[in-house]
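Have a look at the structure below, then the notes.
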Amino acid sequence: MKGLILVGGYGTRLRPLTLTKPKPLVEFGNRPMILHQIEALAEAGVTDIVLAVNYRPEDMVDTLQKYEKEYGVNITFSVETEPLGTAGPLKLAEKVLAKDPSPFFVLNSDVICNYPFKEMIEFHNAHGGEGTIVATKVEDPSKYGVIVHHPGTTKIDRFVEKPVTFVGNRINAGIYILNPSVIDLIELRPTSIEKETFPALAKKGTLHSFDLEGYWMDVGQPKDFLAGTGLYLNSLGVRNPEMLVPKDASYLHSGHVLVHPTAKISPSAKLGPNVVVGPGVEIGDGARISRSVIMSNAVVKPHAHVKQTIVGWNSRIGRWARTENVTVLGDDVEIQDEIYVNGGRVLPHKSIGSNVEKPEIIM
Ligand code: GDD
Ligand code: MG
């Protein structure tokens, strides 16, 4: 089978992390975001994966060649000279996606869940339509695409992208399986699958939706990245609890904590809930970390308090320093001893020597 991942954009909402790494390679749960999807696609029998990009593929080529071998898949880049939106890239990759009549997967690169690919194939084949969209429920549907059904069926009646008035709370999870015939509806120009292709398919009555079980999150912005990390760790706690820090670890404060085996953590530190610690990280005596992600080779000095923070690669948080409220530190940032940062976004290579009292970008 075949699959296309919409990697696209500049990942501006995940800055300053994406100033250093393209979004798909930013680690989520200690593995590049895109690897979660590649692994799940490979497991479902996908052998050809197209990455639709309009940004720095050269940074990703080496890493992805490694995954090709590891997972036994062919990964190709389909590079746009201008951003083609969410539908145009399907047309651009027509040669691969329509090389045989079997359906193909399409994924937004920023969505995480327990990808239900095998179940989707069965469901898609059983309903016989042209497309299947995975649906999930959210409290605030206004930033998503909303799916409205024909009553009592799985057939989609209407698809409304970013509705301004309430139409429902079952939304597009950004995961599809489509027949090659869908590509015939798409022109090679910047175009939106949500605004153009899905409404057209719904009108034809050939678009169905498949309800997702379990957690789901679009992790394309820092707040959701942290919330999604919590959901992911929770799911690991159910499916692979042996991957998490054991309940009797001296530094476990509460909840789920994932620590890379090469990290060094003081026994008197207190971690949790919802913490990910990357490779080579050092955490000092009495440090307190909750709802945070510490990327590789960062250092958290003794008695620092790190809460709701993404600490970028190689960054250092000083003694008794405190960060919170969705603070994001880019690569190689220093927060000096005893400094307080409230919701700061700190660009790579900065050293912060005075308090950041309210959320702002520090360039
Ligand atoms: N190749 C390519 N080219 N990819 C693109 C482009 C482009 O021009 N524009 C966006 N993408 C990719 C993004 O990188 C992302 O993986 C995906 O397409 C969706 O774009 P987002 O910018 O993340 O859209 P969204 O989150 O506002 O909304 C989409 O996702 C929601 C679920 O998270 C829509 O599909 C909604 O309907 C959906 O509910
Ligand atoms: Mg998104």
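We name chains A, B, ... following the order of the structure tokens; residues begin at 1 in each chain, and ligands are numbered from 1 as shown.
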Practice task
Could you give me, as a PyMOL selection string, every polymer residue with an atom at most 6 Å away from an atom of ligand 2, counting only C-alpha atoms and all ligand atoms?
Solution key: chain A and resi 110+218+220
List the spatial neighbours of segment 275-280 of chain A as an mmCIF file with C-alpha atoms, in the first residue's frame - criterion: any atom at most 8 Å away, only C-alpha atoms, same-chain residues fewer than 6 positions off excluded.
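Saved to selection_0.cif:
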data_model
loop_
_atom_site.group_PDB
_atom_site.id
_atom_site.type_symbol
_atom_site.label_atom_id
_atom_site.label_comp_id
_atom_site.auth_asym_id
_atom_site.auth_seq_id
_atom_site.Cartn_x
_atom_site.Cartn_y
_atom_site.Cartn_z
ATOM 1 C CA GLY A 29 8.004 11.160 23.249
ATOM 2 C CA ASN A 30 11.747 11.014 22.502
ATOM 3 C CA THR A 229 2.619 14.467 25.408
ATOM 4 C CA GLY A 230 0.462 13.817 28.477
ATOM 5 C CA HIS A 256 3.779 9.137 33.856
ATOM 6 C CA VAL A 257 7.420 9.917 33.158
ATOM 7 C CA LEU A 258 9.501 8.766 30.181
ATOM 8 C CA VAL A 259 13.284 8.956 30.563
ATOM 9 C CA HIS A 260 15.905 8.124 27.960
ATOM 10 C CA PRO A 261 18.375 5.537 29.295
ATOM 11 C CA THR A 262 21.325 7.904 28.748
ATOM 12 C CA ALA A 263 19.845 10.701 30.902
ATOM 13 C CA LYS A 264 21.333 11.304 34.371
ATOM 14 C CA ILE A 289 9.789 19.026 36.758
ATOM 15 C CA SER A 290 6.152 18.610 35.744
ATOM 16 C CA ARG A 291 4.159 18.628 32.451
ATOM 17 C CA SER A 292 7.342 19.301 30.483
ATOM 18 C CA VAL A 293 9.569 17.966 27.745
ATOM 19 C CA ILE A 294 13.357 18.164 28.130
ATOM 20 C CA MET A 295 15.072 17.670 24.771
ATOM 21 C CA SER A 296 18.462 15.985 24.308
ATOM 22 C CA ASN A 297 21.572 17.166 26.163
ATOM 23 C CA ALA A 298 19.777 19.860 28.144
#
Which residues, written as a CSV table (one decimal) with C-alpha atoms, in the first residue's frame, have at least one atom at most 12 Å from segment 41-47 of chain A, with only C-alpha atoms counted and residues fewer than 4 positions away on the same chain left out?
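The result, written out as part_8.csv:
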chain,number,residue,atom,x,y,z
A,1,MET,CA,0.0,0.0,0.0
A,2,LYS,CA,0.9,3.7,-0.3
A,3,GLY,CA,0.7,6.7,1.9
A,4,LEU,CA,1.4,10.4,1.7
A,5,ILE,CA,2.2,12.6,4.7
A,34,ILE,CA,7.2,11.6,11.9
A,35,LEU,CA,8.6,8.4,13.0
A,36,HIS,CA,5.5,7.5,14.9
A,37,GLN,CA,3.5,7.8,11.7
A,67,TYR,CA,14.2,4.9,8.6
A,68,GLU,CA,13.8,3.4,5.1
A,69,LYS,CA,16.2,0.6,6.0
A,70,GLU,CA,14.9,0.2,9.5
A,71,TYR,CA,11.2,-0.1,8.5
A,72,GLY,CA,11.6,-1.6,5.1
A,73,VAL,CA,9.7,1.1,3.3
A,74,ASN,CA,10.5,3.4,0.3
A,75,ILE,CA,10.3,7.0,1.4
A,76,THR,CA,10.3,9.7,-1.3
A,96,VAL,CA,3.1,7.1,-6.9
A,97,LEU,CA,-0.4,7.3,-5.4
A,102,SER,CA,-5.5,0.3,-4.4
A,103,PRO,CA,-6.4,3.1,-2.0
A,104,PHE,CA,-3.8,5.2,-0.2
A,105,PHE,CA,-3.4,6.9,3.2
A,106,VAL,CA,-3.1,10.6,3.7
A,107,LEU,CA,-1.9,12.1,7.0
A,114,ASN,CA,-3.1,5.2,18.1
A,115,TYR,CA,-3.3,5.2,14.3
A,116,PRO,CA,-6.1,2.8,13.4
A,117,PHE,CA,-4.7,2.0,9.9
A,118,LYS,CA,-5.7,-1.7,9.7
A,119,GLU,CA,-9.2,-1.0,10.8
A,120,MET,CA,-9.5,1.8,8.4
A,121,ILE,CA,-8.6,-0.4,5.4
A,122,GLU,CA,-11.4,-2.9,6.4
A,175,ILE,CA,-6.1,11.0,8.7
A,177,ILE,CA,-7.8,6.8,3.2
Practice task
Write as a list in words the residues around ligand 1, taking 6 Å as the cut-off and counting only C-alpha atoms and all ligand atoms.
Solution key: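 Checked against 6 Å with only C-alpha atoms and all ligand atoms; the hits are Leu6, Val7, Gly8, Gly9, Ala52, Val53, Asn54, Pro83, Leu84, Gly85, Thr86, Pro89, Asn108, Ser109, Asp110, Val111, Tyr144, Gly145, Glu161, Ile171, Asn172, Ala173, Gly174, Glu194 and Asp218 of chain A.
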Problem - Which of segment 140-303 of chain A DSSP labels alpha helix (DSSP H), written as a count of residues only - result: 25
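The space separating atom CA of Leu92 of chain A from atom CA of Glu80 of chain A comes to 8.0 Å.
The smallest atom-to-atom distance between Pro141 of chain A and any of A:Lys23, A:Arg170, A:Arg319, A:Lys350, using only C-alpha atoms, is found for A:Arg170.
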Problem - Selection near segment 237-254 of chain A, 7 Å with only C-alpha atoms, sequence-local residues under 2 positions removed, as a PyMOL selection string - result: chain A and resi 233-235+256-259+267-273
Practice task
Quick one: everything within 7 Å of segment 165-168 of chain A, counting only C-alpha atoms, minus sequence neighbours fewer than 2 positions away in the same chain. Send it as a PyMOL selection string.
Solution key: chain A and resi 146+148+163+170
Handout entry: Exercise: Glu338 of chain A partners within 12 Å, only C-alpha atoms, chain neighbours under 4 positions left out, as number ranges by chain
Key = A: 301-305, 317-323, 334, 352-356
Exercise for the section: Report the residues of segment 11-175 of chain A whose backbone DSSP state falls under strand (DSSP E), written as an MDAnalysis selection string. Expected result: chainID A and resid 27:28 31:32 48:53 74:79 104:108 111:113 131:137 145:149 156:161 170:175
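Using only C-alpha atoms, the nearest neighbour of Leu226 of chain A within the list A:Phe159, A:Ile38, A:Phe28, A:Glu360 is A:Phe28.
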